[in-house]
file upload23.txt (compact mmCIF, C-alpha atoms (C1' of nucleotides))
# COMPACT_ATOMS: atom_id res chain seq x y z
CA MET W 24 7.27 5.86 -1.39
CA THR W 25 9.18 6.33 1.83
CA VAL W 26 6.49 7.17 4.34
CA PHE W 27 6.47 7.48 8.04
CA PHE W 28 2.79 7.32 8.90
CA SER W 29 -0.04 5.71 6.95
CA LYS W 30 -2.64 8.05 5.46
CA ARG W 31 -5.09 6.91 8.14
CA CYS W 32 -2.62 7.92 10.80
CA GLU W 33 -1.78 11.27 9.21
CA TYR W 34 -5.48 12.10 9.00
CA GLY W 35 -6.04 10.92 12.55
CA LEU W 36 -3.22 13.11 13.85
CA GLN W 37 -4.55 16.10 11.93
CA ALA W 38 -8.08 15.58 13.23
CA VAL W 39 -6.98 15.22 16.83
CA LEU W 40 -4.80 18.32 16.57
CA PHE W 41 -7.75 20.16 15.07
CA MET W 42 -10.10 19.09 17.86
CA SER W 43 -7.53 20.19 20.42
CA THR W 44 -8.01 23.75 19.22
CA GLN W 45 -11.78 23.65 19.75
CA GLU W 46 -13.67 24.51 22.90
CA SER W 47 -13.77 21.38 25.01
CA ALA W 48 -17.55 21.61 25.38
CA CYS W 49 -18.38 21.55 21.69
CA VAL W 50 -18.46 18.56 19.39
CA CYS W 51 -17.29 18.65 15.77
CA PRO W 52 -19.31 16.78 13.15
CA SER W 53 -17.07 14.72 10.89
CA GLU W 54 -18.23 16.82 7.96
CA GLU W 55 -16.74 19.93 9.55
CA ILE W 56 -13.43 18.18 10.14
CA SER W 57 -13.54 16.87 6.60
CA ASN W 58 -14.05 20.37 5.22
CA LYS W 59 -11.49 22.10 7.39
CA LEU W 60 -8.76 19.58 6.69
CA ASN W 61 -9.64 18.47 3.16
CA ILE W 62 -10.04 14.86 4.14
CA PRO W 63 -12.70 12.67 2.48
CA LYS W 64 -15.72 12.71 4.80
CA GLU W 65 -16.39 8.97 4.93
CA PHE W 66 -12.74 8.24 5.48
CA ILE W 67 -12.26 10.59 8.41
CA SER W 68 -15.52 9.26 9.87
CA LYS W 69 -14.08 5.76 9.95
CA ILE W 70 -10.86 6.97 11.49
CA LEU W 71 -12.72 8.93 14.16
CA GLN W 72 -14.82 5.87 14.91
CA SER W 73 -11.70 3.82 15.51
CA LEU W 74 -10.22 6.56 17.69
CA THR W 75 -13.46 6.47 19.65
CA GLU W 76 -12.96 2.76 20.27
CA SER W 77 -9.41 3.52 21.40
CA GLY W 78 -10.72 5.99 23.95
CA ILE W 79 -8.93 9.00 22.49
CA VAL W 80 -12.08 10.55 21.08
CA GLU W 81 -15.67 10.66 22.28
CA SER W 82 -18.66 10.67 19.99
CA LYS W 83 -22.10 12.11 20.44
CA LYS W 84 -24.73 10.49 18.26
CA GLY W 85 -27.86 11.97 16.78
CA LYS W 86 -28.65 15.46 15.55
CA SER W 87 -26.05 18.10 16.45
CA GLY W 88 -23.74 15.26 17.39
CA GLY W 89 -20.11 14.92 16.47
CA PHE W 90 -16.71 14.21 17.94
CA LYS W 91 -14.57 15.70 20.68
CA LEU W 92 -11.47 14.64 22.52
CA ALA W 93 -12.11 12.17 25.32
CA LYS W 94 -9.45 13.81 27.51
CA HIS W 95 -7.97 17.24 27.93
CA PRO W 96 -5.26 18.03 25.34
CA SER W 97 -2.75 18.20 28.18
CA LYS W 98 -3.33 14.46 28.63
CA ILE W 99 -2.84 13.42 25.00
CA LYS W 100 0.42 12.85 23.12
CA LEU W 101 0.96 12.32 19.42
CA ILE W 102 2.31 8.86 20.09
CA ASP W 103 -1.09 7.87 21.52
CA ILE W 104 -2.71 8.41 18.15
CA VAL W 105 0.13 6.71 16.30
CA GLU W 106 -0.10 3.72 18.60
CA ALA W 107 -3.88 3.50 18.17
CA ILE W 108 -3.76 3.64 14.38
CA ASP W 109 -0.41 2.40 13.04
CA GLY W 110 0.89 0.64 16.11
CA LEU W 111 4.41 0.85 17.46
CA ASP W 112 6.00 -2.05 15.59
CA SER W 113 8.08 0.21 13.39
CA PHE W 114 9.90 1.51 16.42
CA ASN W 115 11.13 -1.99 16.95
CA SER W 116 11.82 -3.38 13.51
CA CYS W 117 14.65 -3.16 11.02
CA VAL W 118 14.67 -0.16 8.73
CA LEU W 119 16.38 -2.22 6.02
CA GLY W 120 13.88 -5.04 6.42
CA PHE W 121 16.42 -7.58 7.67
CA PRO W 122 14.96 -10.29 9.89
CA GLU W 123 15.72 -10.38 13.60
CA CYS W 124 17.55 -7.09 13.75
CA SER W 125 18.72 -6.72 17.33
CA PRO W 126 21.76 -5.57 19.30
CA ASP W 127 23.40 -8.98 18.95
CA LYS W 128 22.27 -9.48 15.36
CA PRO W 129 22.50 -5.92 14.10
CA CYS W 130 21.98 -4.78 10.55
CA PRO W 131 24.63 -2.50 9.04
CA VAL W 132 22.88 0.67 10.21
CA HIS W 133 21.39 -0.68 13.41
CA ASP W 134 23.00 1.76 15.83
CA GLN W 135 22.55 4.93 13.84
CA TRP W 136 18.98 4.15 12.97
CA GLY W 137 18.19 3.11 16.50
CA GLU W 138 19.25 6.52 17.69
CA LEU W 139 17.08 8.26 15.14
CA ARG W 140 14.13 6.09 15.99
CA THR W 141 14.54 6.89 19.65
CA LYS W 142 14.56 10.59 18.84
CA ALA W 143 11.43 10.19 16.74
CA TYR W 144 9.73 8.37 19.57
CA GLU W 145 10.74 11.08 21.99
CA MET W 146 9.43 13.73 19.67
CA LEU W 147 6.06 12.03 19.60
CA SER W 148 5.90 11.27 23.30
CA SER W 149 7.61 14.07 25.16
CA GLU W 150 5.05 16.79 24.63
CA THR W 151 1.30 16.82 25.02
CA ILE W 152 -0.79 18.27 22.22
CA ASP W 153 -1.88 21.34 24.12
CA LYS W 154 1.65 22.59 23.41
CA PHE W 155 0.85 22.57 19.72
CA LYS W 156 -2.33 24.65 19.92
CA GLU W 157 -0.98 27.91 18.52
CA LYS W 158 0.96 26.26 15.74
CA THR W 159 -1.99 24.10 14.84
CA LEU W 160 -4.27 27.13 14.66
CA ASN W 161 -1.82 28.91 12.39
CA LYS W 162 -1.52 25.92 10.12
CA ILE W 163 -5.24 25.24 9.89
CA ARG W 164 -5.97 28.87 9.10
CA ILE W 165 -4.07 28.66 5.82
CA ILE W 166 -5.32 25.33 4.56
CA MET O 437 1.83 0.59 9.23
CA THR O 438 4.46 3.24 9.80
CA VAL O 439 7.15 2.39 7.30
CA PHE O 440 10.19 4.18 6.21
CA PHE O 441 11.15 2.46 2.99
CA SER O 442 8.92 0.53 0.63
CA LYS O 443 9.51 -3.21 0.39
CA ARG O 444 11.07 -2.68 -3.04
CA CYS O 445 13.51 -0.25 -1.51
CA GLU O 446 14.34 -2.45 1.47
CA TYR O 447 15.06 -5.35 -0.86
CA GLY O 448 17.09 -3.12 -3.16
CA LEU O 449 19.18 -1.87 -0.26
CA GLN O 450 19.75 -5.41 0.98
CA ALA O 451 20.74 -6.65 -2.46
CA VAL O 452 23.18 -3.82 -3.06
CA LEU O 453 24.74 -4.31 0.37
CA PHE O 454 25.04 -8.01 -0.39
CA MET O 455 26.74 -7.39 -3.72
CA SER O 456 29.14 -5.00 -2.06
CA THR O 457 30.53 -7.95 -0.10
CA GLN O 458 31.22 -9.99 -3.23
CA GLU O 459 34.37 -9.96 -5.33
CA SER O 460 34.02 -7.15 -7.80
CA ALA O 461 34.80 -9.44 -10.72
CA CYS O 462 32.00 -11.93 -10.11
CA VAL O 463 28.36 -11.53 -10.99
CA CYS O 464 25.53 -12.80 -8.80
CA PRO O 465 22.52 -14.44 -10.45
CA SER O 466 19.27 -13.10 -9.05
CA GLU O 467 18.47 -16.57 -7.81
CA GLU O 468 21.50 -16.52 -5.53
CA ILE O 469 20.54 -13.14 -4.12
CA SER O 470 16.99 -14.38 -3.68
CA ASN O 471 18.20 -17.41 -1.73
CA LYS O 472 20.72 -15.59 0.42
CA LEU O 473 18.31 -12.83 1.41
CA ASN O 474 14.99 -14.67 1.35
CA ILE O 475 13.50 -12.38 -1.24
CA PRO O 476 11.08 -13.71 -3.89
CA LYS O 477 13.20 -14.40 -6.98
CA GLU O 478 11.00 -12.68 -9.56
CA PHE O 479 10.60 -9.66 -7.32
CA ILE O 480 14.28 -9.09 -6.70
CA SER O 481 14.89 -9.63 -10.43
CA LYS O 482 12.60 -6.73 -11.21
CA ILE O 483 14.24 -4.55 -8.62
CA LEU O 484 17.71 -5.35 -9.92
CA GLN O 485 16.54 -4.57 -13.43
CA SER O 486 15.42 -1.13 -12.33
CA LEU O 487 18.68 -0.55 -10.48
CA THR O 488 20.45 -1.50 -13.70
CA GLU O 489 18.52 1.23 -15.51
CA SER O 490 19.53 3.63 -12.76
CA GLY O 491 23.19 2.82 -13.33
CA ILE O 492 23.80 1.47 -9.84
CA VAL O 493 23.98 -2.14 -10.95
CA GLU O 494 25.30 -3.81 -14.08
CA SER O 495 23.84 -6.94 -15.59
CA LYS O 496 25.43 -9.66 -17.61
CA LYS O 497 22.97 -11.60 -19.74
CA GLY O 498 23.06 -15.21 -20.84
CA LYS O 499 24.43 -18.30 -19.17
CA SER O 500 26.56 -17.65 -16.08
CA GLY O 501 25.24 -14.10 -16.13
CA GLY O 502 23.96 -12.11 -13.21
CA PHE O 503 24.31 -8.78 -11.48
CA LYS O 504 27.17 -6.80 -9.98
CA LEU O 505 27.62 -3.25 -8.80
CA ALA O 506 28.28 -0.78 -11.58
CA LYS O 507 30.72 1.16 -9.39
CA HIS O 508 33.08 0.40 -6.57
CA PRO O 509 31.33 0.27 -3.15
CA SER O 510 33.38 3.30 -2.12
CA LYS O 511 31.41 5.27 -4.71
CA ILE O 512 27.92 4.20 -3.65
CA LYS O 513 25.81 5.56 -0.80
CA LEU O 514 22.58 4.18 0.62
CA ILE O 515 20.78 7.34 -0.43
CA ASP O 516 21.57 6.53 -4.07
CA ILE O 517 19.48 3.38 -3.86
CA VAL O 518 16.71 5.12 -1.96
CA GLU O 519 16.61 7.90 -4.53
CA ALA O 520 16.50 5.41 -7.39
CA ILE O 521 13.66 3.37 -5.93
CA ASP O 522 11.53 5.45 -3.55
CA GLY O 523 12.65 8.91 -4.56
CA LEU O 524 13.50 11.74 -2.22
CA ASP O 525 10.08 13.36 -1.91
CA SER O 526 9.60 12.25 1.68
CA PHE O 527 12.62 14.28 2.72
CA ASN O 528 10.72 17.32 1.61
CA SER O 529 7.12 16.69 2.59
CA CYS O 530 5.09 17.01 5.76
CA VAL O 531 5.22 14.10 8.18
CA LEU O 532 1.67 14.88 9.33
CA GLY O 533 0.44 15.09 5.75
CA PHE O 534 -0.44 18.77 5.90
CA PRO O 535 -0.29 20.58 2.57
CA GLU O 536 2.43 23.11 1.81
CA CYS O 537 4.44 22.51 4.94
CA SER O 538 7.33 24.94 4.80
CA PRO O 539 9.29 27.29 7.06
CA ASP O 540 6.70 30.04 6.61
CA LYS O 541 3.72 27.67 6.72
CA PRO O 542 4.97 25.16 9.25
CA CYS O 543 3.01 22.28 10.69
CA PRO O 544 3.02 21.88 14.48
CA VAL O 545 6.09 19.63 14.43
CA HIS O 546 7.85 21.16 11.46
CA ASP O 547 11.09 22.11 13.17
CA GLN O 548 11.60 18.99 15.24
CA TRP O 549 10.76 16.69 12.37
CA GLY O 550 12.92 18.68 9.99
CA GLU O 551 15.88 18.06 12.21
CA LEU O 552 15.19 14.33 12.35
CA ARG O 553 14.75 14.16 8.62
CA THR O 554 18.05 15.91 8.10
CA LYS O 555 19.74 13.41 10.37
CA ALA O 556 18.15 10.54 8.47
CA TYR O 557 19.35 12.01 5.22
CA GLU O 558 22.83 12.41 6.60
CA MET O 559 22.83 8.85 7.82
CA LEU O 560 22.04 7.67 4.32
CA SER O 561 24.41 9.97 2.51
CA SER O 562 27.44 10.49 4.69
CA GLU O 563 29.01 7.08 4.36
CA THR O 564 29.70 4.91 1.35
CA ILE O 565 28.66 1.29 1.48
CA ASP O 566 32.19 -0.09 1.63
CA LYS O 567 32.08 1.07 5.27
CA PHE O 568 29.30 -1.45 5.91
CA LYS O 569 31.08 -4.48 4.50
CA GLU O 570 31.93 -6.21 7.78
CA LYS O 571 28.57 -5.56 9.36
CA THR O 572 26.79 -6.71 6.24
CA LEU O 573 28.80 -9.93 6.17
CA ASN O 574 27.94 -10.59 9.79
CA LYS O 575 24.28 -9.97 9.19
CA ILE O 576 24.02 -12.06 6.05
CA ARG O 577 25.78 -14.97 7.71
CA ILE O 578 22.94 -15.42 10.19
CA ILE O 579 19.97 -15.03 7.86
C1' DT U 1362 26.20 -25.95 -33.09
C1' DT U 1363 23.14 -27.04 -29.61
C1' DT U 1364 21.86 -26.92 -24.95
C1' DT U 1365 21.47 -24.40 -20.98
C1' DA U 1366 21.11 -20.79 -17.68
C1' DA U 1367 20.70 -16.42 -17.18
C1' DT U 1368 18.45 -11.40 -18.02
C1' DC U 1369 14.53 -8.87 -19.82
C1' DA U 1370 9.79 -7.28 -21.01
C1' DG U 1371 5.30 -7.17 -20.14
C1' DA U 1372 1.13 -9.06 -18.62
C1' DC U 1373 -1.14 -10.92 -14.74
C1' DA U 1374 -2.64 -12.06 -9.84
C1' DA U 1375 -2.85 -11.23 -4.95
C1' DT U 1376 -2.67 -8.36 -1.13
C1' DT U 1377 -2.98 -4.21 1.35
C1' DT U 1378 -4.46 0.34 1.86
C1' DA U 1379 -7.49 4.05 0.71
C1' DA U 1380 -11.89 5.62 -0.22
C1' DT U 1381 -16.96 5.16 -1.00
C1' DC U 1382 -21.61 3.52 -0.51
C1' DT U 1383 -25.86 1.84 1.71
C1' DG U 1384 -28.77 1.42 5.22
C1' DG U 1385 -29.51 1.45 10.04
C1' DT U 1386 -29.63 3.68 14.62
C1' DT U 1387 -29.64 7.59 17.63
C1' DA U 1388 -30.94 11.84 19.70
C1' DT U 1389 -31.80 16.70 19.03
C1' DA U 1390 -34.79 20.27 17.49
C1' DA U 1391 -38.74 21.83 15.23
C1' DT H 655 -44.29 13.45 17.58
C1' DT H 656 -41.96 13.87 13.53
C1' DA H 657 -38.28 15.37 10.65
C1' DT H 658 -33.60 15.94 10.55
C1' DA H 659 -28.77 15.47 11.14
C1' DA H 660 -25.54 13.19 13.03
C1' DC H 661 -22.84 8.57 14.21
C1' DC H 662 -22.28 3.61 13.23
C1' DA H 663 -21.58 -0.99 10.91
C1' DG H 664 -20.53 -3.54 7.24
C1' DA H 665 -20.08 -4.23 2.37
C1' DT H 666 -18.10 -2.67 -1.65
C1' DT H 667 -15.00 -0.35 -4.88
C1' DA H 668 -10.61 1.75 -6.29
C1' DA H 669 -5.83 2.32 -6.26
C1' DA H 670 -1.29 1.18 -5.01
C1' DT H 671 1.99 -2.13 -3.79
C1' DT H 672 3.74 -6.63 -3.79
C1' DG H 673 4.49 -10.79 -5.94
C1' DT H 674 4.08 -14.30 -10.01
C1' DC H 675 4.02 -16.09 -14.64
C1' DT H 676 5.14 -16.64 -19.58
C1' DG H 677 7.84 -16.25 -23.26
C1' DA H 678 11.58 -13.96 -25.69
C1' DT H 679 16.38 -12.91 -25.99
C1' DT H 680 21.11 -13.47 -24.84
C1' DA H 681 25.59 -15.58 -24.34
C1' DA H 682 28.42 -19.03 -22.12
C1' DA H 683 29.43 -23.85 -21.92
C1' DA H 684 28.98 -28.48 -23.45
call {"tool": "encode", "arguments": {"input": "upload23.txt", "output": "structure tokens"}}
result
Amino acid sequence: MTVFFSKRCEYGLQAVLFMSTQESACVCPSEEISNKLNIPKEFISKILQSLTESGIVESKKGKSGGFKLAKHPSKIKLIDIVEAIDGLDSFNSCVLGFPECSPDKPCPVHDQWGELRTKAYEMLSSETIDKFKEKTLNKIRII
Amino acid sequence: MTVFFSKRCEYGLQAVLFMSTQESACVCPSEEISNKLNIPKEFISKILQSLTESGIVESKKGKSGGFKLAKHPSKIKLIDIVEAIDGLDSFNSCVLGFPECSPDKPCPVHDQWGELRTKAYEMLSSETIDKFKEKTLNKIRII
DNA sequence: TTTTAATCAGACAATTTAATCTGGTTATAA
DNA sequence: TTATAACCAGATTAAATTGTCTGATTAAAA
């Protein structure tokens, strides 16, 4: 295995990045997102519903409805989606699975891993997703 | 979720670290490892069996049997256990779950994440587990 | 030689995560 | 006003992971 994000979270991140490349006025039906990103339609629907509850996404019901970001991409960070879907526990728990891993009860790799984890957190929280627009467009084009 | 290693792998890493603190002559029954590390007995047995197949651990059958490391701790790295149990795929696949993430088809965080992943790999492969003996002893004492 | 305490093999059960299905509700567009 | 195309809610299924059980085999110790 060895995973960082759950499938739900990966799909959620992809969908939010995708929506950040769309005109802010228009809504994307889940079917479109499903097609563009090769994610099972029902599954991405559920994920978008939960992101709607979290206030990251807005939904418009009824015919020609769909989803759009609830805020401008310059107000959204990757960590927001991670927090909403997977939570932030992993940034505060032992990578080796030891109980009560803390500075005074450290596991053998506590310091090194802590540094890495901090860097990962920074990577997810330092930039807003509008910074990723071009790269996202390039990536989506070739899927 | 947001996990790095599977439970199997976490337990395997813990068990190997534990064995590295034992006298090299003596074998540890899986029940002892289970008790010391609070890991379900049957589960850690299975994991140790698979590590035996991988050549990281040696088993002695019959009464007063058990497990010991197949090599000296100065010849074993954490990455060896990870490779044996979880495999190394995650060090070569997209953290956002995009298909075919590569230098010429990068995902939006390809470079930053690549750097982190390299650091994680280095952390797991640069030091042999004999370097962790003291810290492991300290950690195990308080479990 | 017999008892005992261990690994080993493989099936099984439980839990979690991933994915699908069904039917209802909503609001646009014809 | 009606048909349609979307979200929504909850149940269900499927797959993967985690954990357990049973019985066989092994080898040391009594």
call {"tool": "residues_near_point", "arguments": {"input": "upload23.txt", "point": "(-6.5, 18.2, 26.3)", "cutoff": "12 Å", "atoms": "all atoms listed in the file", "output": "PyMOL selection string"}}
result
chain W and resi 39-48+79-80+91-101+150-156
call {"tool": "write_last_selection", "arguments": {"input": "upload23.txt", "atoms": "C-alpha atoms", "output": "mmCIF file, in the coordinates of the input"}}
result
data_model
loop_
_atom_site.group_PDB
_atom_site.id
_atom_site.type_symbol
_atom_site.label_atom_id
_atom_site.label_comp_id
_atom_site.auth_asym_id
_atom_site.auth_seq_id
_atom_site.Cartn_x
_atom_site.Cartn_y
_atom_site.Cartn_z
ATOM 1 C CA VAL W 39 -6.980 15.220 16.830
ATOM 2 C CA LEU W 40 -4.800 18.320 16.570
ATOM 3 C CA PHE W 41 -7.750 20.160 15.070
ATOM 4 C CA MET W 42 -10.100 19.090 17.860
ATOM 5 C CA SER W 43 -7.530 20.190 20.420
ATOM 6 C CA THR W 44 -8.010 23.750 19.220
ATOM 7 C CA GLN W 45 -11.780 23.650 19.750
ATOM 8 C CA GLU W 46 -13.670 24.510 22.900
ATOM 9 C CA SER W 47 -13.770 21.380 25.010
ATOM 10 C CA ALA W 48 -17.550 21.610 25.380
ATOM 11 C CA ILE W 79 -8.930 9.000 22.490
ATOM 12 C CA VAL W 80 -12.080 10.550 21.080
ATOM 13 C CA LYS W 91 -14.570 15.700 20.680
ATOM 14 C CA LEU W 92 -11.470 14.640 22.520
ATOM 15 C CA ALA W 93 -12.110 12.170 25.320
ATOM 16 C CA LYS W 94 -9.450 13.810 27.510
ATOM 17 C CA HIS W 95 -7.970 17.240 27.930
ATOM 18 C CA PRO W 96 -5.260 18.030 25.340
ATOM 19 C CA SER W 97 -2.750 18.200 28.180
ATOM 20 C CA LYS W 98 -3.330 14.460 28.630
ATOM 21 C CA ILE W 99 -2.840 13.420 25.000
ATOM 22 C CA LYS W 100 0.420 12.850 23.120
ATOM 23 C CA LEU W 101 0.960 12.320 19.420
ATOM 24 C CA GLU W 150 5.050 16.790 24.630
ATOM 25 C CA THR W 151 1.300 16.820 25.020
ATOM 26 C CA ILE W 152 -0.790 18.270 22.220
ATOM 27 C CA ASP W 153 -1.880 21.340 24.120
ATOM 28 C CA LYS W 154 1.650 22.590 23.410
ATOM 29 C CA PHE W 155 0.850 22.570 19.720
ATOM 30 C CA LYS W 156 -2.330 24.650 19.920
#
call {"tool": "residues_near_point", "arguments": {"input": "upload23.txt", "point": "(27.2, -28.9, -29.4)", "cutoff": "10 Å", "atoms": "all atoms listed in the file", "output": "PyMOL selection string"}}
result
(chain U and resi 1362-1364) or (chain H and resi 683-684)
call {"tool": "calpha_fit_and_write", "arguments": {"input": "upload23.txt", "fixed": "chain W", "moving": "chain O", "output": "short mmCIF file (atom, residue, chain, number, x, y, z; two decimals) with C-alpha atoms, in the frame of the given file"}}
result
data_model
loop_
_atom_site.label_atom_id
_atom_site.label_comp_id
_atom_site.auth_asym_id
_atom_site.auth_seq_id
_atom_site.Cartn_x
_atom_site.Cartn_y
_atom_site.Cartn_z
CA MET O 437 7.29 5.84 -1.47
CA THR O 438 9.15 6.33 1.78
CA VAL O 439 6.43 7.16 4.25
CA PHE O 440 6.43 7.49 7.93
CA PHE O 441 2.78 7.34 8.86
CA SER O 442 -0.05 5.74 6.92
CA LYS O 443 -2.65 8.08 5.45
CA ARG O 444 -5.10 6.93 8.12
CA CYS O 445 -2.62 7.93 10.77
CA GLU O 446 -1.79 11.29 9.20
CA TYR O 447 -5.49 12.12 9.00
CA GLY O 448 -6.04 10.92 12.55
CA LEU O 449 -3.22 13.09 13.83
CA GLN O 450 -4.55 16.10 11.94
CA ALA O 451 -8.08 15.58 13.22
CA VAL O 452 -6.98 15.21 16.83
CA LEU O 453 -4.80 18.31 16.58
CA PHE O 454 -7.75 20.16 15.08
CA MET O 455 -10.08 19.11 17.87
CA SER O 456 -7.52 20.17 20.43
CA THR O 457 -8.01 23.75 19.24
CA GLN O 458 -11.77 23.65 19.75
CA GLU O 459 -13.67 24.50 22.92
CA SER O 460 -13.76 21.38 25.01
CA ALA O 461 -17.53 21.59 25.39
CA CYS O 462 -18.37 21.55 21.69
CA VAL O 463 -18.45 18.55 19.41
CA CYS O 464 -17.29 18.65 15.79
CA PRO O 465 -19.31 16.78 13.16
CA SER O 466 -17.08 14.72 10.90
CA GLU O 467 -18.24 16.83 7.99
CA GLU O 468 -16.74 19.94 9.56
CA ILE O 469 -13.43 18.19 10.15
CA SER O 470 -13.54 16.88 6.60
CA ASN O 471 -14.06 20.39 5.23
CA LYS O 472 -11.49 22.11 7.41
CA LEU O 473 -8.76 19.57 6.69
CA ASN O 474 -9.65 18.47 3.17
CA ILE O 475 -10.06 14.86 4.15
CA PRO O 476 -12.71 12.66 2.49
CA LYS O 477 -15.73 12.73 4.82
CA GLU O 478 -16.43 8.99 4.94
CA PHE O 479 -12.76 8.25 5.48
CA ILE O 480 -12.27 10.59 8.41
CA SER O 481 -15.54 9.27 9.87
CA LYS O 482 -14.09 5.79 9.94
CA ILE O 483 -10.88 6.99 11.48
CA LEU O 484 -12.72 8.93 14.17
CA GLN O 485 -14.82 5.88 14.90
CA SER O 486 -11.69 3.83 15.51
CA LEU O 487 -10.21 6.56 17.69
CA THR O 488 -13.46 6.48 19.65
CA GLU O 489 -12.95 2.77 20.26
CA SER O 490 -9.41 3.53 21.37
CA GLY O 491 -10.71 6.00 23.95
CA ILE O 492 -8.93 9.01 22.49
CA VAL O 493 -12.08 10.55 21.07
CA GLU O 494 -15.67 10.64 22.27
CA SER O 495 -18.67 10.66 19.99
CA LYS O 496 -22.09 12.10 20.45
CA LYS O 497 -24.72 10.49 18.25
CA GLY O 498 -27.85 11.98 16.75
CA LYS O 499 -28.64 15.47 15.57
CA SER O 500 -26.06 18.11 16.49
CA GLY O 501 -23.73 15.26 17.40
CA GLY O 502 -20.10 14.90 16.48
CA PHE O 503 -16.71 14.19 17.94
CA LYS O 504 -14.57 15.69 20.68
CA LEU O 505 -11.47 14.62 22.53
CA ALA O 506 -12.11 12.17 25.33
CA LYS O 507 -9.43 13.79 27.49
CA HIS O 508 -7.96 17.22 27.92
CA PRO O 509 -5.25 18.02 25.33
CA SER O 510 -2.74 18.17 28.18
CA LYS O 511 -3.30 14.44 28.61
CA ILE O 512 -2.83 13.40 24.99
CA LYS O 513 0.42 12.83 23.11
CA LEU O 514 0.95 12.33 19.39
CA ILE O 515 2.31 8.86 20.07
CA ASP O 516 -1.08 7.86 21.50
CA ILE O 517 -2.71 8.41 18.13
CA VAL O 518 0.11 6.71 16.27
CA GLU O 519 -0.10 3.71 18.58
CA ALA O 520 -3.87 3.50 18.14
CA ILE O 521 -3.76 3.63 14.36
CA ASP O 522 -0.41 2.40 13.02
CA GLY O 523 0.89 0.63 16.09
CA LEU O 524 4.39 0.84 17.45
CA ASP O 525 5.98 -2.07 15.59
CA SER O 526 8.09 0.18 13.38
CA PHE O 527 9.88 1.51 16.43
CA ASN O 528 11.13 -1.99 16.99
CA SER O 529 11.82 -3.39 13.54
CA CYS O 530 14.66 -3.15 11.06
CA VAL O 531 14.68 -0.14 8.76
CA LEU O 532 16.39 -2.21 6.05
CA GLY O 533 13.88 -5.02 6.45
CA PHE O 534 16.40 -7.56 7.70
CA PRO O 535 14.96 -10.26 9.94
CA GLU O 536 15.72 -10.36 13.66
CA CYS O 537 17.56 -7.08 13.80
CA SER O 538 18.71 -6.69 17.38
CA PRO O 539 21.75 -5.55 19.37
CA ASP O 540 23.38 -8.97 19.01
CA LYS O 541 22.25 -9.47 15.40
CA PRO O 542 22.50 -5.92 14.14
CA CYS O 543 21.98 -4.77 10.59
CA PRO O 544 24.64 -2.51 9.07
CA VAL O 545 22.90 0.66 10.24
CA HIS O 546 21.41 -0.67 13.44
CA ASP O 547 23.02 1.76 15.86
CA GLN O 548 22.59 4.94 13.86
CA TRP O 549 19.01 4.15 12.97
CA GLY O 550 18.23 3.13 16.52
CA GLU O 551 19.27 6.54 17.70
CA LEU O 552 17.09 8.26 15.11
CA ARG O 553 14.15 6.08 15.97
CA THR O 554 14.54 6.91 19.63
CA LYS O 555 14.55 10.59 18.80
CA ALA O 556 11.43 10.18 16.69
CA TYR O 557 9.74 8.37 19.53
CA GLU O 558 10.72 11.08 21.94
CA MET O 559 9.42 13.73 19.61
CA LEU O 560 6.05 12.02 19.58
CA SER O 561 5.89 11.26 23.26
CA SER O 562 7.61 14.05 25.12
CA GLU O 563 5.05 16.77 24.61
CA THR O 564 1.30 16.81 25.01
CA ILE O 565 -0.78 18.25 22.22
CA ASP O 566 -1.87 21.33 24.14
CA LYS O 567 1.67 22.56 23.42
CA PHE O 568 0.84 22.56 19.71
CA LYS O 569 -2.33 24.63 19.94
CA GLU O 570 -0.97 27.89 18.53
CA LYS O 571 0.97 26.25 15.75
CA THR O 572 -1.99 24.10 14.84
CA LEU O 573 -4.26 27.13 14.68
CA ASN O 574 -1.81 28.90 12.41
CA LYS O 575 -1.53 25.92 10.14
CA ILE O 576 -5.24 25.24 9.90
CA ARG O 577 -5.97 28.87 9.11
CA ILE O 578 -4.07 28.66 5.83
CA ILE O 579 -5.34 25.31 4.56
#
call {"tool": "interface_residues", "arguments": {"input": "upload23.txt", "of": "chain W", "to": "chain H", "cutoff": "10 Å", "atoms": "all atoms listed in the file", "output": "tab-separated table (two decimals) with C-alpha atoms, in the frame of the given file"}}
result
chain	number	residue	atom	x	y	z
W	24	MET	CA	7.27	5.86	-1.39
W	52	PRO	CA	-19.31	16.78	13.15
W	53	SER	CA	-17.07	14.72	10.89
W	54	GLU	CA	-18.23	16.82	7.96
W	68	SER	CA	-15.52	9.26	9.87
W	69	LYS	CA	-14.08	5.76	9.95
W	72	GLN	CA	-14.82	5.87	14.91
W	82	SER	CA	-18.66	10.67	19.99
W	83	LYS	CA	-22.10	12.11	20.44
W	84	LYS	CA	-24.73	10.49	18.26
W	85	GLY	CA	-27.86	11.97	16.78
W	86	LYS	CA	-28.65	15.46	15.55
W	87	SER	CA	-26.05	18.10	16.45
W	88	GLY	CA	-23.74	15.26	17.39
W	89	GLY	CA	-20.11	14.92	16.47
W	90	PHE	CA	-16.71	14.21	17.94
call {"tool": "interface_residues", "arguments": {"input": "upload23.txt", "of": "chain O", "to": "chain W", "cutoff": "6 Å", "atoms": "all atoms listed in the file", "output": "ChimeraX atom specification"}}
result
/O:437-442,446,522,526,532-533,543-544,568,571-572,575
call {"tool": "atom_distance", "arguments": {"input": "upload23.txt", "atom1": "atom C1' of DG1371 of chain U", "atom2": "atom CA of Ile515 of chain O"}}
result
29.0 Å
call {"tool": "interface_residues", "arguments": {"input": "upload23.txt", "of": "chain U", "to": "chain W", "cutoff": "7 Å", "atoms": "all atoms listed in the file", "output": "PyMOL selection string"}}
result
chain U and resi 1380+1387-1389
call {"tool": "atom_distance", "arguments": {"input": "upload23.txt", "atom1": "atom CA of Gly137 of chain W", "atom2": "atom CA of Ala38 of chain W"}}
result
29.3 Å
